[in-house]
Number of protein chains: 2
Amino acid sequence: MVTLAVDAMGGDQGPRITVPAVLQALSARQDLRVLLFGRQQEIAAAIDSAPYPSSDRLQIIHADDVIGTAESPSLALRAKKQSSMRLMLDALDEGRVDACVSAGNTGALMAISRHVLKMSDGIERPAIVSALPRRDGRHTFILDLGANVGCDSEQLHQFARMGRAVARVLDSLENPRIALLNIGSEDSKGNDQVKLAQELIRADSQLNYVGFVEGTDLFSDRADVVVCDGFVGNVALKTVEGLARFILAEIRSTFSSDWFGRLLAWLIRPYWRRIEGRINPGHYNGAALIGLRGVVVKSHGNAGEAEFMQAMLLAARYAEKKLPEQIEQEL
Amino acid sequence: MVTLAVDAMGGDQGPRITVPAVLQALSARQDLRVLLFGRQQEIAAAIDSAPYPSSDRLQIIHADDVIGTAESPSLALRAKKQSSMRLMLDALDEGRVDACVSAGNTGALMAISRHVLKMSDGIERPAIVSALPRRDGRHTFILDLGANVGCDSEQLHQFARMGRAVARVLDSLENPRIALLNIGSEDSKGNDQVKLAQELIRADSQLNYVGFVEGTDLFSDRADVVVCDGFVGNVALKTVEGLARFILAEIRSTFSSDWFGRLLAWLIRPYWRRIEGRINPGHYNGAALIGLRGVVVKSHGNAGEAEFMQAMLLAARYAEKKLPEQIEQEL
């Protein structure tokens, strides 16, 4: 049995997305329990209008406050102690749940997580990690995706160690290949930060460091873990999302342009579903905040129902694998 | 008539790609002349084995030296005065050609261009600019794509002004919308560099500044010009390339998995060609080094024949539009 704490109020549409996603996940997995944090009335209304049955494995915990997307993280940390996000993290800290999921304000989620859960020993700052698909059917883990707007080389070194742990735990890799994201693969390329980080990572005998990689290599099998600062990683990840959606839209509109195209689109559906399953960014929703003493998964703010459910299942998987303990052990 | 200087030796495969691309371009455009710089013998051999006729509009200029991809730009600047890249840029400086094209070492191309051609008045550093496709059929210009590994906010402001000029000249936009690439659209997001750059750009009454955009917005119509530092821009552009190639490969292999898929792939060819024309990164090959007193276009090092020809045609277009003069006028 896995118990998830879910922030019902997070994301662009709050309970209208999170509540049906929770009910769908509870229907799909009998070994799941959910504590749902947020405004009782709004949640109840969303349950009533959802096309899924309610469940006795669902418990609603009322929270008056909501943290807005544009709110200052430090202010949210100090002033919003009765918010859905805060109460959700308190529940994880008190051991009442195994993992947390929110589609809310990333900065606030990070600040409150750090405050409530605390960092693992030896880790200064959390990082956000997610996986990108590769041609060989495996993944490349990339971090940091935006927990830190600027990182020094020491932090990049810590991210490399955390990334190694994530790839070992989640993809059962014995000795994951670690790379640094740069603007060229030669040693002379890049800024001081990545050059210095390369020295630190190379000198670390525990890490199987394979060198600098470029943006083109993110979808290749050159590395299992790619490390970068949060600004660069966030731009890269969101560029991936933007381009994938652009390409999917271009393909759809090209086939919709005439009747023969629409017929062909109908014929290729089974192939297309397989392709979309691999390239639609929604299928990769959910990024973990790591370095913390607890599993916290951030969903995209504009995630749909199925996508939010993906983030929940990811959180359940991380909790089952005891990711934070495994990371601590690796370090 | 446009005269291009082409570095025959640049790129992963040198004359084996550049020479047939030049011959193909000369066949396609009767108003084109090319001065081809490089090792006479290798060029002659490539001409003999190319499937295109030679042309009296082609002139070969022998250059003994070649600048390698991994070579230090400053060393190449000082020591390689008889290299194909250097002689090509000298020809532009002396007014013998209208524009230069090279697929060689980007750092060396930038260093030698700055030294030989000099910067436009009021511009400290060149930037690399390219265009990304959008759903509405127009482009978003993005700069810098890697000319500078670190930029201060003043430089980002200059890039915004240069980007405005490029969009006005190339896309005939009266008042292009300028944005800064960041990890969130709210004013509180990002690092000091982008926050300070936002103040400078906002205060510049000539610029139609629309705020921060994220990676997801690069393919939307939120802005016509997106400004970022060269590290971030290079990672974003190469991530675009990597993902586009990944998606194209996934689609091809899914349809090749059985005979019905292969039949469907054959049936959808006319639609597929239109789609690929929009999303294949090769069709967007060629990025301009701007801020210099001359048109210099950088082709991707691994460009194929058709792609290198794209970069040449882009250089011809920039020369016809007198891009450097237009940028100077705008500033």
# chains A, B, ... in the order shown; residues from 1 in each chain; ligands from 1
call {"tool": "select_by_dssp", "arguments": {"residues": "stretch 55-303 of chain B", "states": "strand (DSSP E)", "output": "VMD selection string"}}
result
chain B and resid 58 to 62 99 to 102 127 to 133 139 to 143 177 to 181 208 to 213 225 to 227 287 to 290 295 to 298
call {"tool": "closest_atom_pairs", "arguments": {"of": "chain B", "to": "chain A", "cutoff": "6 Å", "atoms": "only C-alpha atoms", "output": "tab-separated table"}}
result
residue	atom	partner	partner_atom	distance
B:Val149	CA	A:Asn191	CA	5.8
B:Asn191	CA	A:Val149	CA	5.8
B:Gly215	CA	A:Thr239	CA	4.1
B:Thr216	CA	A:Gly242	CA	3.9
B:Val232	CA	A:Val232	CA	5.6
B:Val235	CA	A:Gly215	CA	5.0
B:Ala236	CA	A:Ala236	CA	5.4
B:Lys238	CA	A:Gly215	CA	4.4
B:Thr239	CA	A:Gly215	CA	4.1
B:Glu241	CA	A:Thr216	CA	5.9
B:Gly242	CA	A:Thr216	CA	3.9
call {"tool": "atom_distance", "arguments": {"atom1": "atom CA of A:Arg222", "atom2": "atom CA of A:Tyr284"}}
result
20.3 Å
call {"tool": "select_by_dssp", "arguments": {"residues": "stretch 8-230 of chain A", "states": "helix (DSSP H, G or I)", "output": "PyMOL selection string"}}
result
chain A and resi 15-28+40-49+73-79+84-93+106-117+153-171+192-203+215-219+230
call {"tool": "closest_residue", "arguments": {"among": "B:Val194, B:Val295, B:Val2, B:Ala79", "to": "B:Ile327", "atoms": "only C-alpha atoms"}}
result
B:Val295
call {"tool": "residues_around", "arguments": {"residues": "A:Ile17", "least_positions_apart": "5", "cutoff": "8 Å", "atoms": "only C-alpha atoms", "output": "PyMOL selection string"}}
result
chain A and resi 303-305+308
call {"tool": "residues_around", "arguments": {"residues": "stretch 82-92 of chain B", "least_positions_apart": "5", "cutoff": "7 Å", "atoms": "only C-alpha atoms", "output": "PyMOL selection string"}}
result
chain B and resi 5-7+9+37-38+63-67+97-100+112-113+116
call {"tool": "atom_distance", "arguments": {"atom1": "atom CA of B:Gln30", "atom2": "atom CA of B:Ala288"}}
result
23.5 Å
call {"tool": "residues_around", "arguments": {"residues": "B:Val129", "least_positions_apart": "6", "cutoff": "9 Å", "atoms": "only C-alpha atoms", "output": "PyMOL selection string"}}
result
chain B and resi 141-145+163+166+287-290
call {"tool": "write_last_selection", "arguments": {"atoms": "N, CA and C atoms", "output": "mmCIF file, in the first residue's frame"}}
result
data_model
loop_
_atom_site.group_PDB
_atom_site.id
_atom_site.type_symbol
_atom_site.label_atom_id
_atom_site.label_comp_id
_atom_site.auth_asym_id
_atom_site.auth_seq_id
_atom_site.Cartn_x
_atom_site.Cartn_y
_atom_site.Cartn_z
ATOM 1 N N PHE B 141 13.009 34.908 -34.203
ATOM 2 C CA PHE B 141 14.465 35.010 -34.241
ATOM 3 C C PHE B 141 14.984 34.845 -32.823
ATOM 4 N N ILE B 142 16.039 34.051 -32.679
ATOM 5 C CA ILE B 142 16.603 33.857 -31.355
ATOM 6 C C ILE B 142 18.102 34.144 -31.381
ATOM 7 N N LEU B 143 18.551 34.905 -30.380
ATOM 8 C CA LEU B 143 19.973 35.232 -30.254
ATOM 9 C C LEU B 143 20.296 35.494 -28.786
ATOM 10 N N ASP B 144 21.471 35.213 -28.332
ATOM 11 C CA ASP B 144 22.639 34.682 -28.981
ATOM 12 C C ASP B 144 22.643 33.159 -28.909
ATOM 13 N N LEU B 145 23.154 32.519 -29.956
ATOM 14 C CA LEU B 145 23.132 31.063 -30.004
ATOM 15 C C LEU B 145 24.490 30.451 -29.720
ATOM 16 N N GLY B 163 18.516 42.252 -32.679
ATOM 17 C CA GLY B 163 17.430 41.332 -33.050
ATOM 18 C C GLY B 163 16.274 42.073 -33.687
ATOM 19 N N VAL B 166 17.197 42.768 -37.244
ATOM 20 C CA VAL B 166 17.118 41.562 -38.072
ATOM 21 C C VAL B 166 15.661 41.260 -38.443
ATOM 22 N N ALA B 287 23.251 30.104 -39.547
ATOM 23 C CA ALA B 287 23.000 31.126 -38.529
ATOM 24 C C ALA B 287 23.942 32.273 -38.826
ATOM 25 N N ALA B 288 23.445 33.502 -38.695
ATOM 26 C CA ALA B 288 24.276 34.655 -39.029
ATOM 27 C C ALA B 288 25.027 35.156 -37.806
ATOM 28 N N LEU B 289 26.293 35.511 -38.017
ATOM 29 C CA LEU B 289 27.059 36.235 -36.996
ATOM 30 C C LEU B 289 26.767 37.710 -37.223
ATOM 31 N N ILE B 290 26.075 38.344 -36.284
ATOM 32 C CA ILE B 290 25.724 39.743 -36.518
ATOM 33 C C ILE B 290 26.445 40.672 -35.546
#
call {"tool": "residues_around", "arguments": {"residues": "A:Ser27", "least_positions_apart": "6", "cutoff": "10 Å", "atoms": "only C-alpha atoms", "output": "JSON, numbers by chain"}}
result
{"A": [21, 52, 53, 54, 55, 57]}
call {"tool": "write_last_selection", "arguments": {"atoms": "N, CA and C atoms", "output": "tab-separated table (two decimals), in the first residue's frame"}}
result
chain	number	residue	atom	x	y	z
A	21	ALA	N	-8.27	13.29	-11.58
A	21	ALA	CA	-7.03	12.52	-11.74
A	21	ALA	C	-6.83	11.59	-10.54
A	52	TYR	N	-15.74	9.46	-12.36
A	52	TYR	CA	-15.19	8.27	-11.70
A	52	TYR	C	-15.85	8.13	-10.33
A	53	PRO	N	-15.98	6.90	-9.81
A	53	PRO	CA	-16.58	6.73	-8.49
A	53	PRO	C	-15.65	7.27	-7.40
A	54	SER	N	-16.24	7.69	-6.27
A	54	SER	CA	-15.40	8.05	-5.14
A	54	SER	C	-14.84	6.77	-4.53
A	55	SER	N	-13.99	6.88	-3.54
A	55	SER	CA	-13.31	5.69	-3.01
A	55	SER	C	-13.13	5.84	-1.51
A	57	ARG	N	-10.63	4.82	-0.13
A	57	ARG	CA	-9.19	5.04	0.04
A	57	ARG	C	-8.81	6.51	-0.17
call {"tool": "residues_around", "arguments": {"residues": "B:His300", "least_positions_apart": "5", "cutoff": "7 Å", "atoms": "only C-alpha atoms", "output": "ChimeraX atom specification"}}
result
/B:103,285-286
call {"tool": "atom_distance", "arguments": {"atom1": "atom CA of B:Gln198", "atom2": "atom CA of A:Leu196"}}
result
29.2 Å
call {"tool": "closest_residue", "arguments": {"among": "A:Glu320, A:Glu328, A:Glu174, A:Asp121", "to": "A:Thr3", "atoms": "only C-alpha atoms"}}
result
A:Glu320
call {"tool": "decode", "arguments": {"residues": "stretch 260-279 of chain A", "atoms": "C-alpha atoms", "output": "PDB file, in the first residue's frame"}}
result
ATOM      1  CA  PHE A 260      -7.679  12.231 -48.173  1.00  0.00           C
ATOM      2  CA  GLY A 261      -5.388  13.388 -45.375  1.00  0.00           C
ATOM      3  CA  ARG A 262      -8.158  12.828 -42.838  1.00  0.00           C
ATOM      4  CA  LEU A 263      -8.698   9.328 -44.223  1.00  0.00           C
ATOM      5  CA  LEU A 264      -4.980   8.592 -43.961  1.00  0.00           C
ATOM      6  CA  ALA A 265      -4.907   9.998 -40.425  1.00  0.00           C
ATOM      7  CA  TRP A 266      -7.653   7.526 -39.533  1.00  0.00           C
ATOM      8  CA  LEU A 267      -5.731   4.640 -41.142  1.00  0.00           C
ATOM      9  CA  ILE A 268      -2.463   5.382 -39.370  1.00  0.00           C
ATOM     10  CA  ARG A 269      -4.078   5.731 -35.936  1.00  0.00           C
ATOM     11  CA  PRO A 270      -2.563   2.599 -34.334  1.00  0.00           C
ATOM     12  CA  TYR A 271       0.923   3.635 -35.454  1.00  0.00           C
ATOM     13  CA  TRP A 272       0.287   7.209 -34.460  1.00  0.00           C
ATOM     14  CA  ARG A 273      -0.785   6.242 -30.950  1.00  0.00           C
ATOM     15  CA  ARG A 274       2.531   4.444 -30.435  1.00  0.00           C
ATOM     16  CA  ILE A 275       4.452   7.454 -31.742  1.00  0.00           C
ATOM     17  CA  GLU A 276       2.499   9.921 -29.629  1.00  0.00           C
ATOM     18  CA  GLY A 277       3.014   7.741 -26.555  1.00  0.00           C
ATOM     19  CA  ARG A 278       6.758   8.227 -27.031  1.00  0.00           C
ATOM     20  CA  ILE A 279       6.886  11.901 -27.965  1.00  0.00           C
TER      21      ILE A 279
END
